[in-house]
>>> print(open('protein.txt').read())   # compact mmCIF, C-alpha atoms
# COMPACT_ATOMS: atom_id res chain seq x y z
CA MET A 1 30.85 70.27 -189.99
CA ALA A 2 32.88 67.64 -188.14
CA ASP A 3 31.65 69.11 -184.84
CA LEU A 4 28.03 68.74 -185.81
CA GLU A 5 28.53 65.18 -186.98
CA SER A 6 30.22 64.10 -183.81
CA ARG A 7 27.59 65.82 -181.74
CA LEU A 8 24.91 64.03 -183.72
CA ALA A 9 26.66 60.71 -183.14
CA GLU A 10 26.78 61.42 -179.38
CA VAL A 11 23.12 62.27 -179.29
CA GLU A 12 22.20 59.16 -181.26
CA ALA A 13 24.22 57.00 -178.87
CA GLU A 14 22.59 58.70 -175.88
CA LEU A 15 19.20 58.11 -177.42
CA ALA A 16 19.99 54.44 -177.95
CA ARG A 17 21.10 54.14 -174.33
CA MET A 18 17.93 55.81 -173.13
CA GLN A 19 15.78 53.57 -175.29
CA ALA A 20 17.47 50.49 -173.89
CA GLU A 21 16.98 51.77 -170.36
CA PHE A 22 13.36 52.58 -171.11
CA GLU A 23 12.80 49.04 -172.34
CA ASP A 24 14.40 47.64 -169.19
CA LEU A 25 12.24 49.83 -167.01
CA ASN A 26 9.17 48.80 -168.95
CA LEU A 27 10.00 45.15 -168.38
CA LEU A 28 10.53 45.84 -164.70
CA TYR A 29 7.24 47.65 -164.51
CA GLN A 30 5.39 44.77 -166.14
CA ALA A 31 7.01 42.28 -163.77
CA THR A 32 6.06 44.42 -160.77
CA ILE A 33 2.46 44.63 -161.90
CA GLU A 34 2.30 40.87 -162.31
CA HIS A 35 3.90 40.31 -158.91
CA GLY A 36 1.41 42.70 -157.31
CA GLU A 37 -1.48 40.79 -158.83
CA ALA A 38 -0.09 37.48 -157.61
CA VAL A 39 0.26 38.87 -154.08
CA GLU A 40 -3.31 40.16 -154.14
CA ASP A 41 -4.55 36.73 -155.17
CA GLN A 42 -2.62 35.11 -152.33
CA LEU A 43 -4.03 37.61 -149.86
CA ALA A 44 -7.57 36.95 -151.00
CA GLU A 45 -7.04 33.23 -150.59
CA SER A 46 -5.52 33.64 -147.11
CA ASN A 47 -8.42 35.84 -146.02
CA LEU A 48 -10.90 33.25 -147.19
CA GLU A 49 -9.06 30.53 -145.29
CA LEU A 50 -9.00 32.73 -142.20
CA GLN A 51 -12.70 33.39 -142.39
CA ARG A 52 -13.43 29.70 -142.76
CA THR A 53 -11.28 28.88 -139.71
CA GLN A 54 -12.86 31.62 -137.61
CA LYS A 55 -16.34 30.41 -138.52
CA ARG A 56 -15.50 26.85 -137.54
CA LEU A 57 -13.94 27.99 -134.25
CA THR A 58 -16.94 30.13 -133.37
CA GLU A 59 -19.30 27.24 -134.14
CA GLU A 60 -17.30 24.87 -131.97
CA LEU A 61 -17.06 27.31 -129.07
CA THR A 62 -20.80 27.85 -129.28
CA GLU A 63 -21.37 24.08 -129.17
CA ALA A 64 -19.18 23.82 -126.08
CA ALA A 65 -20.94 26.75 -124.41
CA ASN A 66 -24.28 25.09 -125.14
CA TYR A 67 -23.08 21.94 -123.45
CA ILE A 68 -22.04 23.84 -120.34
CA PHE A 69 -25.46 25.43 -120.08
CA SER A 70 -27.21 22.16 -120.85
CA ILE A 71 -25.83 20.47 -117.73
CA LEU A 72 -27.07 23.21 -115.38
CA PRO A 73 -30.15 21.97 -113.55
CA ALA A 74 -33.53 23.48 -114.33
CA PRO A 75 -34.71 26.00 -111.74
CA ARG A 76 -36.69 24.27 -109.00
CA GLN A 77 -40.31 25.32 -108.60
CA GLU A 78 -40.94 23.37 -105.40
CA ALA A 79 -39.42 24.39 -102.07
CA PRO A 80 -36.63 25.05 -101.82
CA ARG A 81 -37.06 27.05 -105.04
CA THR A 82 -34.00 28.08 -107.01
CA GLU A 83 -33.16 30.87 -109.38
CA TRP A 84 -29.85 31.33 -111.13
CA LEU A 85 -27.85 33.29 -113.65
CA LEU A 86 -24.59 32.39 -115.38
CA GLU A 87 -22.97 35.03 -117.58
CA PRO A 88 -19.55 33.87 -118.83
CA SER A 89 -17.09 36.67 -119.53
CA THR A 90 -15.86 35.01 -122.72
CA GLU A 91 -17.60 32.32 -124.77
CA LEU A 92 -16.47 29.70 -122.30
CA GLY A 93 -15.86 30.25 -118.62
CA GLY A 94 -14.61 28.29 -115.67
CA ASP A 95 -17.70 28.75 -113.49
CA SER A 96 -20.33 26.10 -112.99
CA PHE A 97 -22.88 25.19 -110.35
CA GLY A 98 -25.65 22.78 -109.56
CA TYR A 99 -27.86 21.11 -107.00
CA HIS A 100 -29.33 17.67 -106.67
CA GLU A 101 -31.10 15.46 -104.15
CA ILE A 102 -28.65 13.11 -102.44
CA ASP A 103 -31.56 11.27 -100.87
CA ASP A 104 -35.11 12.29 -99.92
CA ASP A 105 -33.85 14.27 -96.92
CA HIS A 106 -30.71 15.89 -98.31
CA LEU A 107 -30.21 18.46 -101.06
CA ALA A 108 -26.64 19.22 -102.19
CA VAL A 109 -25.92 22.70 -103.54
CA TYR A 110 -22.58 23.76 -105.04
CA LEU A 111 -20.83 26.40 -107.09
CA LEU A 112 -17.28 26.16 -108.38
CA ASP A 113 -14.88 28.42 -110.22
CA VAL A 114 -11.90 27.06 -112.16
CA CYS A 115 -9.00 29.52 -112.41
CA GLY A 116 -8.83 31.10 -115.86
CA HIS A 117 -11.19 31.20 -118.85
CA GLY A 118 -11.64 29.46 -122.13
CA VAL A 119 -11.84 25.87 -123.20
CA GLY A 120 -9.26 24.52 -120.76
CA ALA A 121 -10.98 25.91 -117.69
CA ALA A 122 -14.41 24.91 -118.99
CA LEU A 123 -13.29 21.31 -119.46
CA LEU A 124 -12.18 21.02 -115.83
CA SER A 125 -15.29 22.81 -114.59
CA VAL A 126 -17.57 20.39 -116.41
CA THR A 127 -15.57 17.38 -115.19
CA ALA A 128 -15.79 18.47 -111.56
CA ILE A 129 -19.52 19.25 -111.74
CA ASN A 130 -20.23 15.87 -113.31
CA VAL A 131 -18.22 14.14 -110.58
CA LEU A 132 -20.30 15.92 -107.92
CA ARG A 133 -23.63 15.26 -109.61
CA SER A 134 -22.91 11.57 -109.98
CA ALA A 135 -21.21 11.30 -106.56
CA ALA A 136 -18.24 9.72 -108.29
CA LEU A 137 -15.66 9.95 -105.50
CA PRO A 138 -14.60 6.80 -103.62
CA ASN A 139 -15.54 6.25 -99.96
CA THR A 140 -17.07 9.70 -99.60
CA ASP A 141 -20.16 10.70 -97.67
CA PHE A 142 -21.66 13.34 -99.96
CA ARG A 143 -23.76 14.64 -97.09
CA ASP A 144 -20.53 15.77 -95.39
CA PRO A 145 -19.20 18.87 -97.20
CA GLY A 146 -15.76 18.77 -95.54
CA ALA A 147 -15.30 15.17 -96.63
CA VAL A 148 -16.43 16.01 -100.16
CA LEU A 149 -13.89 18.81 -100.47
CA SER A 150 -11.08 16.66 -99.10
CA ALA A 151 -11.96 13.92 -101.59
CA LEU A 152 -12.17 16.44 -104.45
CA ASN A 153 -8.76 17.78 -103.46
CA ASP A 154 -7.32 14.25 -103.58
CA ALA A 155 -8.96 13.56 -106.93
CA PHE A 156 -7.93 16.77 -108.73
CA PRO A 157 -4.33 17.72 -107.91
CA MET A 158 -3.37 20.63 -110.15
CA GLU A 159 -0.27 18.84 -111.44
CA LYS A 160 -2.64 16.34 -113.04
CA GLN A 161 -5.02 18.99 -114.35
CA ASN A 162 -2.67 21.01 -116.54
CA ASN A 163 -1.84 23.18 -113.51
CA MET A 164 -5.44 24.23 -112.99
CA TYR A 165 -7.21 24.39 -109.65
CA PHE A 166 -10.68 25.52 -108.65
CA THR A 167 -12.49 27.14 -105.75
CA ILE A 168 -15.80 25.78 -104.53
CA TRP A 169 -18.64 26.28 -102.08
CA TYR A 170 -20.53 23.09 -101.25
CA GLY A 171 -23.53 22.84 -98.94
CA VAL A 172 -26.00 20.17 -97.89
CA TYR A 173 -29.49 21.10 -96.71
CA ARG A 174 -31.37 18.62 -94.56
CA ARG A 175 -35.12 19.10 -94.92
CA SER A 176 -36.20 17.26 -91.77
CA THR A 177 -34.17 19.51 -89.45
CA GLY A 178 -33.47 22.65 -91.47
CA ALA A 179 -29.76 22.08 -90.93
CA LEU A 180 -27.36 23.50 -93.51
CA ARG A 181 -23.86 22.01 -93.49
CA TYR A 182 -21.26 23.60 -95.71
CA ALA A 183 -17.58 23.88 -96.57
CA SER A 184 -15.72 26.16 -98.95
CA ALA A 185 -12.26 26.13 -100.52
CA GLY A 186 -10.71 29.47 -101.44
CA HIS A 187 -14.17 30.64 -102.45
CA PRO A 188 -16.16 33.77 -101.54
CA ALA A 189 -18.69 33.29 -98.76
CA SER A 190 -22.27 32.45 -99.56
CA VAL A 191 -24.78 34.99 -98.33
CA LEU A 192 -27.69 33.84 -96.16
CA ARG A 193 -30.44 36.40 -95.78
CA LYS A 194 -32.71 35.31 -92.95
CA ALA A 195 -36.44 35.95 -93.05
CA ASP A 196 -36.05 38.44 -90.20
CA GLY A 197 -33.60 40.47 -92.28
CA ARG A 198 -30.34 39.38 -90.66
CA VAL A 199 -27.55 38.68 -93.13
CA LEU A 200 -24.94 35.99 -92.51
CA THR A 201 -21.90 35.13 -94.63
CA LEU A 202 -20.98 31.45 -94.70
CA ALA A 203 -17.49 30.22 -95.55
CA THR A 204 -14.78 28.01 -94.07
CA PRO A 205 -11.00 28.48 -94.19
CA GLY A 206 -9.16 26.36 -96.76
CA ILE A 207 -7.35 26.79 -100.01
CA ALA A 208 -8.60 26.05 -103.50
CA ILE A 209 -9.05 22.46 -104.59
CA GLY A 210 -5.97 20.95 -106.19
CA MET A 211 -3.42 23.44 -104.88
CA MET A 212 -1.85 21.38 -102.11
CA PRO A 213 -2.15 17.69 -101.36
CA ASP A 214 -3.56 16.19 -98.14
CA MET A 215 -5.67 19.12 -97.01
CA LEU A 216 -8.40 18.64 -94.42
CA TYR A 217 -11.51 20.68 -95.04
CA ARG A 218 -13.80 21.29 -92.07
CA THR A 219 -17.57 21.18 -92.21
CA ALA A 220 -19.40 24.15 -90.71
CA HIS A 221 -23.03 24.28 -89.57
CA SER A 222 -25.89 26.69 -89.92
CA GLU A 223 -29.66 26.54 -90.06
CA VAL A 224 -32.25 27.69 -92.52
CA ALA A 225 -35.99 28.13 -92.17
CA ALA A 226 -38.85 29.07 -94.47
CA GLY A 227 -38.37 32.59 -95.81
CA ASP A 228 -34.57 32.44 -95.72
CA ARG A 229 -32.62 32.92 -98.94
CA LEU A 230 -29.15 31.56 -99.66
CA HIS A 231 -27.04 33.07 -102.42
CA LEU A 232 -24.01 31.27 -103.87
CA VAL A 233 -21.59 33.47 -105.82
CA SER A 234 -18.18 33.38 -107.42
CA ASP A 235 -15.61 36.16 -107.30
CA GLY A 236 -16.62 37.27 -110.79
CA THR A 237 -20.05 38.10 -109.39
CA PHE A 238 -18.70 41.12 -107.57
CA GLU A 239 -15.06 41.80 -108.50
CA VAL A 240 -15.51 44.86 -110.68
CA GLU A 241 -13.75 48.21 -110.57
CA THR A 242 -15.68 51.07 -109.01
CA ALA A 243 -12.91 53.49 -110.00
CA PRO A 244 -9.50 52.95 -111.61
CA GLY A 245 -7.54 50.81 -109.16
CA GLU A 246 -10.50 50.41 -106.75
CA MET A 247 -12.58 47.27 -106.48
CA LEU A 248 -16.17 46.88 -105.31
CA ALA A 249 -15.99 45.80 -101.66
CA PHE A 250 -17.52 42.43 -100.80
CA ASP A 251 -19.46 44.00 -97.93
CA THR A 252 -21.04 46.55 -100.24
CA PHE A 253 -21.96 43.76 -102.61
CA VAL A 254 -23.46 41.68 -99.77
CA GLY A 255 -25.60 44.63 -98.73
CA ARG A 256 -27.02 45.04 -102.22
CA LEU A 257 -27.38 41.30 -102.81
CA SER A 258 -29.36 40.74 -99.62
CA THR A 259 -32.02 43.25 -100.68
CA SER A 260 -32.26 42.08 -104.30
CA SER A 261 -35.25 40.20 -105.67
CA SER A 262 -33.66 38.43 -108.63
CA PRO A 263 -30.24 37.47 -110.02
CA ALA A 264 -30.91 39.66 -113.06
CA GLU A 265 -31.30 42.66 -110.80
CA VAL A 266 -27.90 41.97 -109.24
CA LEU A 267 -26.29 41.55 -112.66
CA ASP A 268 -27.72 44.89 -113.81
CA TRP A 269 -26.36 46.58 -110.72
CA VAL A 270 -22.88 45.04 -111.11
CA ARG A 271 -22.92 45.98 -114.82
CA SER A 272 -23.80 49.57 -113.96
CA ILE A 273 -20.74 49.73 -111.70
CA ASN A 274 -18.46 48.03 -114.20
CA GLY A 275 -19.41 50.41 -116.98
CA PRO A 276 -19.58 49.58 -120.69
CA GLY A 277 -17.86 46.47 -121.97
CA PRO A 278 -17.87 42.89 -120.75
CA LEU A 279 -17.43 41.95 -117.12
CA PRO A 280 -13.85 40.93 -116.30
CA ASP A 281 -14.83 37.47 -115.05
CA ASP A 282 -17.73 35.01 -115.11
CA PHE A 283 -20.82 36.23 -113.25
CA SER A 284 -22.50 33.38 -111.39
CA LEU A 285 -25.36 33.68 -108.96
CA LEU A 286 -27.42 30.81 -107.57
CA THR A 287 -30.24 31.66 -105.17
CA ILE A 288 -32.02 29.08 -103.02
CA ALA A 289 -35.28 30.26 -101.49
CA PHE A 290 -36.36 28.11 -98.55
CA MET B 291 6.46 43.13 -114.80
CA ALA B 292 9.81 42.82 -116.59
CA ASN B 293 12.65 42.84 -114.10
CA LEU B 294 10.75 42.09 -110.95
CA PRO B 295 12.01 44.40 -108.18
CA HIS B 296 13.81 42.37 -105.58
CA GLU B 297 16.67 42.29 -103.13
CA THR B 298 18.58 39.78 -101.09
CA LEU B 299 18.45 40.32 -97.32
CA GLY B 300 20.62 37.94 -95.40
CA ASN B 301 19.73 34.48 -96.61
CA ALA B 302 16.36 35.45 -98.05
CA LEU B 303 15.17 36.59 -101.44
CA VAL B 304 12.69 39.44 -101.07
CA LEU B 305 10.42 39.93 -104.07
CA LYS B 306 8.74 43.34 -104.33
CA PRO B 307 6.06 43.23 -107.00
CA SER B 308 4.56 46.63 -107.68
CA ARG B 309 0.92 47.66 -108.03
CA ARG B 310 -0.70 44.60 -109.55
CA ILE B 311 -0.17 40.98 -110.37
CA ASP B 312 -2.88 39.96 -112.83
CA SER B 313 -3.20 38.05 -116.07
CA SER B 314 -1.30 40.74 -117.97
CA ASN B 315 1.93 40.30 -116.03
CA ALA B 316 1.61 37.07 -114.04
CA LYS B 317 3.72 35.08 -116.50
CA ALA B 318 6.50 37.67 -116.34
CA PHE B 319 6.41 37.55 -112.54
CA GLU B 320 6.55 33.76 -112.62
CA ASP B 321 9.48 33.71 -115.05
CA ASP B 322 11.43 36.39 -113.16
CA ALA B 323 10.78 34.78 -109.76
CA SER B 324 11.73 31.37 -111.08
CA ALA B 325 15.05 32.64 -112.42
CA LEU B 326 15.77 34.44 -109.15
CA VAL B 327 15.03 31.34 -107.05
CA ASP B 328 17.20 29.26 -109.36
CA ALA B 329 20.09 31.69 -109.05
CA GLY B 330 19.80 32.70 -105.43
CA PRO B 331 18.29 31.99 -102.02
CA LYS B 332 15.48 29.47 -101.78
CA LEU B 333 13.89 31.27 -98.83
CA VAL B 334 11.45 33.67 -100.46
CA VAL B 335 9.53 36.59 -99.00
CA VAL B 336 6.88 38.29 -101.10
CA ASP B 337 6.89 41.89 -99.89
CA ALA B 338 3.40 43.08 -100.73
CA SER B 339 3.81 46.71 -99.51
CA ASP B 340 3.48 48.01 -103.08
CA LEU B 341 0.73 45.65 -104.15
CA ASP B 342 -2.74 47.11 -104.70
CA TYR B 343 -4.31 44.16 -106.40
CA ILE B 344 -3.72 40.49 -107.01
CA SER B 345 -5.95 38.43 -109.26
CA SER B 346 -6.38 34.68 -109.31
CA ALA B 347 -3.69 34.57 -112.00
CA GLY B 348 -1.46 36.32 -109.47
CA LEU B 349 -2.33 33.82 -106.74
CA ARG B 350 -1.44 31.03 -109.07
CA VAL B 351 2.07 32.32 -109.75
CA ILE B 352 2.66 32.92 -106.03
CA LEU B 353 1.73 29.28 -105.57
CA THR B 354 4.03 28.00 -108.33
CA THR B 355 6.88 30.11 -106.95
CA ALA B 356 6.22 28.67 -103.49
CA LYS B 357 6.23 25.12 -104.79
CA LYS B 358 9.46 25.75 -106.62
CA ALA B 359 11.11 27.22 -103.52
CA LYS B 360 9.86 24.34 -101.42
CA ALA B 361 11.09 21.74 -103.91
CA ALA B 362 14.51 23.40 -103.71
CA GLY B 363 14.55 22.98 -99.94
CA GLY B 364 13.30 26.46 -99.07
CA GLY B 365 9.89 28.08 -98.67
CA LEU B 366 7.79 31.15 -99.26
CA THR B 367 5.97 33.56 -97.03
CA ILE B 368 4.24 36.92 -97.44
CA ALA B 369 4.80 40.27 -95.74
CA CYS B 370 3.02 43.64 -95.53
CA ALA B 371 -0.17 42.67 -97.33
CA ARG B 372 -2.86 45.33 -97.04
CA ASN B 373 -6.46 46.11 -98.07
CA ASN B 374 -7.76 44.20 -101.09
CA VAL B 375 -4.68 42.05 -101.30
CA LYS B 376 -4.96 41.02 -97.66
CA GLU B 377 -8.63 40.16 -98.22
CA VAL B 378 -7.89 38.07 -101.29
CA LEU B 379 -5.17 36.22 -99.41
CA ALA B 380 -7.69 35.50 -96.64
CA VAL B 381 -10.51 34.30 -98.89
CA SER B 382 -8.14 32.12 -100.88
CA GLY B 383 -6.70 30.63 -97.70
CA PHE B 384 -3.19 31.68 -98.71
CA ASP B 385 -2.82 33.45 -95.37
CA ASN B 386 -2.92 30.16 -93.50
CA ILE B 387 -0.87 28.19 -95.97
CA PHE B 388 1.97 30.67 -96.50
CA GLY B 389 1.70 32.95 -93.47
CA LEU B 390 1.24 36.70 -93.42
CA HIS B 391 3.68 38.93 -91.57
CA ALA B 392 3.59 42.59 -90.65
CA SER B 393 7.18 43.20 -91.73
CA VAL B 394 9.79 41.76 -94.04
CA GLU B 395 12.05 41.13 -91.03
CA ALA B 396 9.39 39.06 -89.28
CA ALA B 397 8.77 37.16 -92.51
CA ILE B 398 12.47 36.33 -92.94
CA ALA B 399 12.68 35.23 -89.32
CA SER B 400 9.72 32.88 -89.77
CA LEU B 401 11.39 31.20 -92.75
CA GLY B 402 14.50 30.50 -90.76
CA LYS B 403 12.63 28.14 -88.45
>>> encode(input="protein.txt", output="structure tokens")
Amino acid sequence: MADLESRLAEVEAELARMQAEFEDLNLLYQATIEHGEAVEDQLAESNLELQRTQKRLTEELTEAANYIFSILPAPRQEAPRTEWLLEPSTELGGDSFGYHEIDDDHLAVYLLDVCGHGVGAALLSVTAINVLRSAALPNTDFRDPGAVLSALNDAFPMEKQNNMYFTIWYGVYRRSTGALRYASAGHPASVLRKADGRVLTLATPGIAIGMMPDMLYRTAHSEVAAGDRLHLVSDGTFEVETAPGEMLAFDTFVGRLSTSSSPAEVLDWVRSINGPGPLPDDFSLLTIAF
Amino acid sequence: MANLPHETLGNALVLKPSRRIDSSNAKAFEDDASALVDAGPKLVVVDASDLDYISSAGLRVILTTAKKAKAAGGGLTIACARNNVKEVLAVSGFDNIFGLHASVEAAIASLGK
């Protein structure tokens, strides 16, 4: 009898212990559930905040991209006619270009490429284009491309531009003589397809604008006549991979470009080589038809 | 590239970047090169024998390394550039500014002058 009683007492004590533990676990469970719900609420709020921020960012980037396009000049319908295409690789790129009449005998034509992408590069690109369009460099003859590049280089040292520099091709066409003066800085050559089918590449030696102070850029000379077409490009126009580790050769690109009839055609061709997905860099092509 | 391959030959630091310098690894190159120039010779040769491709991001860090070496009383030049890389160095005008040499030895010799 005593055995049974003591065993009963043990079991009752064990039961009491288990009940206490069960109550503790129950409390813990409840607390965990509540904590989980609080975390879910926080997550939902963070997601909402994130979405709002992303929306605002996208809107602002779109506004900036619109501005960049808005300052590109309308295609010219009178000789020399122009046609162009700008396809930034991200929302905002570092490429820009333009043309304007310096006086009634001279037409300036230019295309520049700021290193990098995004807002920073776009800001410099827009600044430089505006400076060129408004001829806002001191003591500079804007009909002399070498002088323009030297003045640009003095005005935009990279140390004062958040370590950014840009490449540029700048040309001046003189209607009365058909002369084309030009200078380039670290930039791919422009392609001149003559009416008789000959293809010339026009560039001058010189490093990108802003890299090194006190550079002298030389002006080179060519001639254009009715039926000639001049194409200004940036390196993003043709630097795509043909195969892993192999780039499209500039010469191959020049060959295709000189037989093309529109910038869109060239873009399609470059896209077909690049394959699916965005191009690695801004695609810019400005064609002047004399 | 982490741990930019390099060696010291005589009084020159020879940097040997491999395969590519582009936006994915340009910062690492810049940081590594900067530390090496700080710690060692200020005469820098970029040995491009292993380089297949250099992007504009790559050009930029070559330039910043050159400016750093120059500011420290040294300089930078380039050796053994080939194919695409040689073309990019020509279009960018880096060939004239920094000099291209056919061998590391010739590059080191040119820096001594």
>>> atom_distance(input="protein.txt", atom1="atom CA of A:Tyr67", atom2="atom CA of A:Thr140")
27.5 Å
>>> residues_around(input="protein.txt", residues="A:Leu107", least_positions_apart="2", cutoff="6 Å", atoms="only C-alpha atoms", output="PyMOL selection string")
chain A and resi 100-102+172-173
>>> write_last_selection(input="protein.txt", atoms="C-alpha atoms", output="mmCIF file, in the frame of the given file")
data_model
loop_
_atom_site.group_PDB
_atom_site.id
_atom_site.type_symbol
_atom_site.label_atom_id
_atom_site.label_comp_id
_atom_site.auth_asym_id
_atom_site.auth_seq_id
_atom_site.Cartn_x
_atom_site.Cartn_y
_atom_site.Cartn_z
ATOM 1 C CA HIS A 100 -29.330 17.670 -106.670
ATOM 2 C CA GLU A 101 -31.100 15.460 -104.150
ATOM 3 C CA ILE A 102 -28.650 13.110 -102.440
ATOM 4 C CA VAL A 172 -26.000 20.170 -97.890
ATOM 5 C CA TYR A 173 -29.490 21.100 -96.710
#
>>> residues_around(input="protein.txt", residues="B:Arg309", least_positions_apart="6", cutoff="10 Å", atoms="all atoms listed in the file", output="PyMOL selection string")
(chain A and resi 245) or (chain B and resi 291+338-344)
>>> closest_atom_pairs(input="protein.txt", of="chain B", to="chain A", cutoff="10 Å", atoms="all atoms listed in the file", output="CSV")
residue,atom,partner,partner_atom,distance
B:Arg309,CA,A:Gly245,CA,9.1
B:Arg310,CA,A:Gly245,CA,9.2
B:Ser313,CA,A:Gly116,CA,8.9
B:Asp342,CA,A:Gly245,CA,7.5
B:Tyr343,CA,A:Gly245,CA,7.9
B:Ser345,CA,A:Glu239,CA,9.7
B:Ser346,CA,A:Cys115,CA,6.6
B:Ala347,CA,A:Gly116,CA,7.3
B:Leu349,CA,A:Cys115,CA,9.8
B:Arg350,CA,A:Cys115,CA,8.4
B:Leu353,CA,A:Met211,CA,7.8
B:Thr354,CA,A:Asn163,CA,9.2
B:Lys357,CA,A:Met212,CA,9.3
B:Asn374,CA,A:Met247,CA,7.9
B:Glu377,CA,A:Phe250,CA,9.5
B:Val378,CA,A:Gly186,CA,9.1
B:Leu379,CA,A:Gly186,CA,9.0
B:Ala380,CA,A:Pro205,CA,8.1
B:Val381,CA,A:Gly186,CA,5.5
B:Ser382,CA,A:Gly186,CA,3.7
B:Gly383,CA,A:Ile207,CA,4.5
B:Phe384,CA,A:Ile207,CA,6.6
B:Asp385,CA,A:Ile207,CA,9.3
B:Asn386,CA,A:Gly206,CA,8.0
B:Ile387,CA,A:Ile207,CA,7.8
>>> write_last_selection(input="protein.txt", atoms="C-alpha atoms", output="PDB file, in the frame of the given file")
ATOM      1  CA  ARG B 309       0.920  47.660-108.030  1.00  0.00           C
ATOM      2  CA  ARG B 310      -0.700  44.600-109.550  1.00  0.00           C
ATOM      3  CA  SER B 313      -3.200  38.050-116.070  1.00  0.00           C
ATOM      4  CA  ASP B 342      -2.740  47.110-104.700  1.00  0.00           C
ATOM      5  CA  TYR B 343      -4.310  44.160-106.400  1.00  0.00           C
ATOM      6  CA  SER B 345      -5.950  38.430-109.260  1.00  0.00           C
ATOM      7  CA  SER B 346      -6.380  34.680-109.310  1.00  0.00           C
ATOM      8  CA  ALA B 347      -3.690  34.570-112.000  1.00  0.00           C
ATOM      9  CA  LEU B 349      -2.330  33.820-106.740  1.00  0.00           C
ATOM     10  CA  ARG B 350      -1.440  31.030-109.070  1.00  0.00           C
ATOM     11  CA  LEU B 353       1.730  29.280-105.570  1.00  0.00           C
ATOM     12  CA  THR B 354       4.030  28.000-108.330  1.00  0.00           C
ATOM     13  CA  LYS B 357       6.230  25.120-104.790  1.00  0.00           C
ATOM     14  CA  ASN B 374      -7.760  44.200-101.090  1.00  0.00           C
ATOM     15  CA  GLU B 377      -8.630  40.160 -98.220  1.00  0.00           C
ATOM     16  CA  VAL B 378      -7.890  38.070-101.290  1.00  0.00           C
ATOM     17  CA  LEU B 379      -5.170  36.220 -99.410  1.00  0.00           C
ATOM     18  CA  ALA B 380      -7.690  35.500 -96.640  1.00  0.00           C
ATOM     19  CA  VAL B 381     -10.510  34.300 -98.890  1.00  0.00           C
ATOM     20  CA  SER B 382      -8.140  32.120-100.880  1.00  0.00           C
ATOM     21  CA  GLY B 383      -6.700  30.630 -97.700  1.00  0.00           C
ATOM     22  CA  PHE B 384      -3.190  31.680 -98.710  1.00  0.00           C
ATOM     23  CA  ASP B 385      -2.820  33.450 -95.370  1.00  0.00           C
ATOM     24  CA  ASN B 386      -2.920  30.160 -93.500  1.00  0.00           C
ATOM     25  CA  ILE B 387      -0.870  28.190 -95.970  1.00  0.00           C
TER      26      ILE B 387
END
>>> atom_distance(input="protein.txt", atom1="atom CA of A:Ser125", atom2="atom CA of A:Thr90")
14.7 Å
>>> atom_distance(input="protein.txt", atom1="atom CA of B:Asp321", atom2="atom CA of B:Ser308")
15.7 Å
>>> closest_residue(input="protein.txt", among="B:Leu299, B:Leu294, B:Ala369, B:Ile352", to="B:Asp322", atoms="only C-alpha atoms")
B:Leu294
>>> closest_residue(input="protein.txt", among="A:Leu202, A:Leu152, A:Ala226, A:Leu123", to="A:Thr177", atoms="all atoms listed in the file")
A:Ala226
>>> build_atoms(input="protein.txt", residues="stretch 61-71 of chain A", atoms="N, CA and C atoms", output="PDB file, in the frame of the given file")
ATOM      1  N   LEU A  61     -16.964  26.685-130.394  1.00  0.00           N
ATOM      2  CA  LEU A  61     -17.060  27.310-129.070  1.00  0.00           C
ATOM      3  C   LEU A  61     -18.513  27.418-128.641  1.00  0.00           C
ATOM      4  N   THR A  62     -19.377  27.750-129.593  1.00  0.00           N
ATOM      5  CA  THR A  62     -20.800  27.850-129.280  1.00  0.00           C
ATOM      6  C   THR A  62     -21.346  26.497-128.848  1.00  0.00           C
ATOM      7  N   GLU A  63     -20.950  25.438-129.547  1.00  0.00           N
ATOM      8  CA  GLU A  63     -21.370  24.080-129.170  1.00  0.00           C
ATOM      9  C   GLU A  63     -20.951  23.772-127.744  1.00  0.00           C
ATOM     10  N   ALA A  64     -19.687  24.094-127.430  1.00  0.00           N
ATOM     11  CA  ALA A  64     -19.180  23.820-126.080  1.00  0.00           C
ATOM     12  C   ALA A  64     -19.935  24.640-125.040  1.00  0.00           C
ATOM     13  N   ALA A  65     -20.199  25.902-125.346  1.00  0.00           N
ATOM     14  CA  ALA A  65     -20.940  26.750-124.410  1.00  0.00           C
ATOM     15  C   ALA A  65     -22.348  26.187-124.195  1.00  0.00           C
ATOM     16  N   ASN A  66     -22.953  25.692-125.270  1.00  0.00           N
ATOM     17  CA  ASN A  66     -24.280  25.090-125.140  1.00  0.00           C
ATOM     18  C   ASN A  66     -24.249  23.893-124.212  1.00  0.00           C
ATOM     19  N   TYR A  67     -23.199  23.096-124.331  1.00  0.00           N
ATOM     20  CA  TYR A  67     -23.080  21.940-123.450  1.00  0.00           C
ATOM     21  C   TYR A  67     -23.004  22.373-121.999  1.00  0.00           C
ATOM     22  N   ILE A  68     -22.182  23.364-121.727  1.00  0.00           N
ATOM     23  CA  ILE A  68     -22.040  23.840-120.340  1.00  0.00           C
ATOM     24  C   ILE A  68     -23.376  24.275-119.763  1.00  0.00           C
ATOM     25  N   PHE A  69     -24.143  25.004-120.555  1.00  0.00           N
ATOM     26  CA  PHE A  69     -25.460  25.430-120.080  1.00  0.00           C
ATOM     27  C   PHE A  69     -26.406  24.247-119.954  1.00  0.00           C
ATOM     28  N   SER A  70     -26.257  23.277-120.841  1.00  0.00           N
ATOM     29  CA  SER A  70     -27.210  22.160-120.850  1.00  0.00           C
ATOM     30  C   SER A  70     -27.101  21.307-119.596  1.00  0.00           C
ATOM     31  N   ILE A  71     -25.933  21.319-118.925  1.00  0.00           N
ATOM     32  CA  ILE A  71     -25.830  20.470-117.730  1.00  0.00           C
ATOM     33  C   ILE A  71     -26.230  21.210-116.454  1.00  0.00           C
TER      34      ILE A  71
END
